[in-house]
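Have a look at the structure below, then the notes.
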Amino acid sequence: MARNTPEIPNASMADIAFLLLTFFLVTTTMPNNRGLSIALPPPPEATPPEDVKIQERNMFKIQINSSDALLVEGEPREDISNLKEEIKEFILNNGRNPASSDNPEKAIVSFKTDRGTSHRRFIELLDIIQGAYYDIYADQAGVTNAKFRDAASDLSIAENKAIYEKGRAGIPLNISIADPSKVGN
Amino acid sequence: MSKFKKKTEVKQDIPTSSMPDVVFMLLFFFMVTTELRKTSIEVRQQIPRATQLRKLMRKGLVANLYIGEPTKVAQFGKEPKIQADDVFIDTKDIIRWVNEQKSKLDEIERDQLTVALKVDKDAKRGIISDVETELRKANARKLLYSALEDNERDKN
């Protein structure tokens, strides 16, 4: 064989690799493509304001003012830990309680904020409302909440689509996010 | 005494010959998962936390809008601003911006564009609802409020 095999010093390889590793560790940003997904209503001019009569009993009203204080069905509310259960009860009332909704298709959760409401508070409440709906859907489809949301995120798979459609059957996601009132900024 | 002395002769070296392999493995992991950020974000981004998150599968169909207080307060003031790509834009420019984003997509996929709103916790609803109104006019109606997983409230 060759008389003198040239050797590359490889003692510093680990150091070089560490250097590169540190570079990628520092510059890396994990892509965050997760969040609360909603569908906006059609453009304002495309839908002329109709006089749709929605019965009071079919509306679950949640309002937040500019100092992030909450009104639920016209009553001031501090503790929101029970709100999710209340919304679920309201949607699935099916006419049992005459003061609550007729059926899930008619039930609307109306969510109104103020221009001065903080985004943090808005997300907190929207999370609760969507959580109530997702819990109902997951129950109906016979899967866990997290599994249902995973399935809903990717409808291109047939199995996911079946779960999604089974969960959504007869219960539309009626969350109405009203234009904020003009008080505050 | 001699009994104890014997024990000190145990070899204590940790084998380091596999260290480069381990390091390389980590390196490759980070190289593959890393995503070099194309835009530098000039607004404050403290993303709120939530539990009921949905994931966006097709990254190509997502357009990001960043809203928050500018990081360079001395230069741009304290009022929350909207950043798209590398520039601050006004609410009235949003329709044009949406059309630009749509024109980048294939024709059949244009109505599937999702706008991800990355909004700072302390931004107010006023500016966000202005953006939403413009998005409705621009017919980009799939919206995602970016949020992080909240593990503390995950129990129920």
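A note on labels: chains of the structure tokens are A, B, ... as shown, every chain counts residues from 1, and ligands are counted from 1 in their shown order.
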(request) Extract, using only C-alpha atoms, all DNA, RNA and protein residues at most 7 Å from Leu135 in chain B, discarding same-chain residues fewer than 5 positions from it, and format them as a list in words. (result) Ile95, Ala140 and Arg141 of chain B
(request) Would you give me, as a ChimeraX atom specification, the residues of chain B that come within 9 Å of chain A, using only C-alpha atoms? (result) /B:19-21,23-24,26-28,30-31,33-37,47-57,59,62,116,119-129,132-149
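Note that CA of Gly142 in chain A and CA of Ser156 in chain A are 20.0 Å apart.
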(message) So the first atom is CA of Gln46 in chain B and the second is CA of Gln101 in chain B; what is the distance between them in Å, to one decimal place?
(response) 25.0 Å
(request) Using CA of Glu69 in chain B and CA of Asp130 in chain B as the two end points, give the distance in Å to one decimal. (result) 16.0 Å
Would you please give, as an mmCIF file with C-alpha atoms, in the first residue's frame, all residues of range 2-165 of chain A that DSSP assigns to helix (DSSP H, G or I) based on the backbone?
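Output file result.cif follows:
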data_model
loop_
_atom_site.group_PDB
_atom_site.id
_atom_site.type_symbol
_atom_site.label_atom_id
_atom_site.label_comp_id
_atom_site.auth_asym_id
_atom_site.auth_seq_id
_atom_site.Cartn_x
_atom_site.Cartn_y
_atom_site.Cartn_z
ATOM 1 C CA MET A 13 -14.356 17.264 14.405
ATOM 2 C CA ALA A 14 -16.459 17.269 17.550
ATOM 3 C CA ASP A 15 -15.659 20.928 18.123
ATOM 4 C CA ILE A 16 -16.706 21.868 14.618
ATOM 5 C CA ALA A 17 -19.892 19.866 14.933
ATOM 6 C CA PHE A 18 -20.630 21.560 18.258
ATOM 7 C CA LEU A 19 -20.147 24.938 16.669
ATOM 8 C CA LEU A 20 -22.596 24.138 13.896
ATOM 9 C CA LEU A 21 -24.997 22.632 16.393
ATOM 10 C CA THR A 22 -24.924 25.782 18.490
ATOM 11 C CA PHE A 23 -25.564 27.899 15.410
ATOM 12 C CA PHE A 24 -28.647 25.904 14.453
ATOM 13 C CA LEU A 25 -29.862 25.754 18.044
ATOM 14 C CA VAL A 26 -29.767 29.515 18.273
ATOM 15 C CA THR A 27 -31.236 30.356 14.885
ATOM 16 C CA PRO A 44 -70.632 43.510 4.534
ATOM 17 C CA GLU A 45 -72.057 44.841 1.262
ATOM 18 C CA ALA A 46 -72.801 41.382 -0.135
ATOM 19 C CA GLU A 56 -84.135 35.657 22.620
ATOM 20 C CA ARG A 57 -84.037 32.109 23.945
ATOM 21 C CA ASN A 58 -81.868 30.968 21.037
ATOM 22 C CA LEU A 83 -68.995 28.969 31.404
ATOM 23 C CA LYS A 84 -68.070 26.100 29.101
ATOM 24 C CA GLU A 85 -70.571 23.758 30.764
ATOM 25 C CA GLU A 86 -73.252 26.438 30.557
ATOM 26 C CA ILE A 87 -72.693 26.894 26.838
ATOM 27 C CA LYS A 88 -72.829 23.146 26.271
ATOM 28 C CA GLU A 89 -76.072 22.949 28.207
ATOM 29 C CA PHE A 90 -77.478 25.825 26.189
ATOM 30 C CA ILE A 91 -76.620 24.254 22.820
ATOM 31 C CA HIS A 119 -56.771 40.381 22.452
ATOM 32 C CA ARG A 120 -55.790 38.191 25.408
ATOM 33 C CA ARG A 121 -59.295 38.343 26.854
ATOM 34 C CA PHE A 122 -60.862 37.817 23.434
ATOM 35 C CA ILE A 123 -58.835 34.639 22.861
ATOM 36 C CA GLU A 124 -59.599 33.402 26.367
ATOM 37 C CA LEU A 125 -63.356 33.591 25.771
ATOM 38 C CA LEU A 126 -63.235 32.378 22.177
ATOM 39 C CA ASP A 127 -61.269 29.392 23.445
ATOM 40 C CA ILE A 128 -64.034 28.558 25.927
ATOM 41 C CA ILE A 129 -66.814 28.909 23.337
ATOM 42 C CA GLN A 130 -64.997 26.813 20.749
ATOM 43 C CA GLY A 131 -64.099 24.316 23.467
ATOM 44 C CA ALA A 132 -67.786 23.839 24.241
ATOM 45 C CA TYR A 133 -68.540 23.123 20.585
ATOM 46 C CA TYR A 134 -65.557 20.825 20.093
ATOM 47 C CA ASP A 135 -66.497 18.885 23.232
ATOM 48 C CA ILE A 136 -69.987 18.331 21.832
ATOM 49 C CA TYR A 137 -68.645 17.308 18.423
ATOM 50 C CA ALA A 138 -66.124 14.941 19.975
ATOM 51 C CA ASP A 139 -68.814 13.370 22.137
ATOM 52 C CA GLN A 140 -71.060 12.853 19.156
ATOM 53 C CA ALA A 141 -68.243 11.335 17.094
ATOM 54 C CA ASN A 145 -61.622 16.464 21.988
ATOM 55 C CA ALA A 146 -57.974 16.524 20.902
ATOM 56 C CA LYS A 147 -58.543 13.726 18.410
ATOM 57 C CA PHE A 148 -61.510 15.526 16.906
ATOM 58 C CA ARG A 149 -59.527 18.721 16.458
ATOM 59 C CA ASP A 150 -56.702 16.763 14.832
ATOM 60 C CA ALA A 151 -59.177 15.171 12.463
ATOM 61 C CA ALA A 152 -60.774 18.519 11.647
ATOM 62 C CA SER A 153 -57.372 19.965 10.791
ATOM 63 C CA ALA A 158 -61.098 9.787 4.578
ATOM 64 C CA GLU A 159 -61.066 8.523 8.147
ATOM 65 C CA ASN A 160 -60.716 12.049 9.500
ATOM 66 C CA LYS A 161 -63.496 13.283 7.303
ATOM 67 C CA ALA A 162 -65.822 10.584 8.626
ATOM 68 C CA ILE A 163 -65.096 11.621 12.222
ATOM 69 C CA TYR A 164 -65.572 15.267 11.339
ATOM 70 C CA GLU A 165 -68.892 14.741 9.606
#
(request) Mind listing the strand (DSSP E) residues of range 97-168 of chain A, per DSSP on the backbone, as an MDAnalysis selection string? (result) chainID A and resid 108:114
Written file, previous selection with C-alpha atoms, as a PDB file, in the first residue's frame:
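Produced file part.pdb, reproduced below:
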ATOM      1  CA  ILE A 108     -76.349  30.869  18.480  1.00  0.00           C
ATOM      2  CA  VAL A 109     -73.542  31.921  20.749  1.00  0.00           C
ATOM      3  CA  SER A 110     -73.250  35.649  20.287  1.00  0.00           C
ATOM      4  CA  PHE A 111     -69.896  37.097  21.226  1.00  0.00           C
ATOM      5  CA  LYS A 112     -69.489  40.837  21.272  1.00  0.00           C
ATOM      6  CA  THR A 113     -66.426  42.786  22.226  1.00  0.00           C
ATOM      7  CA  ASP A 114     -65.493  46.409  22.485  1.00  0.00           C
TER       8      ASP A 114
END
(message) Please determine, counting only C-alpha atoms, which residue among B:Asp85, B:Asp90, B:Asp106, B:Asp13 has the shortest atom-to-atom distance to Glu42 in chain B.
(response) B:Asp85
(request) Within 9 Å of Asn94 in chain A, counting only C-alpha atoms, which residues show up once you throw out same-chain ones fewer than 6 positions away? Write them as a VMD selection string, please. (result) chain A and resid 100 to 104
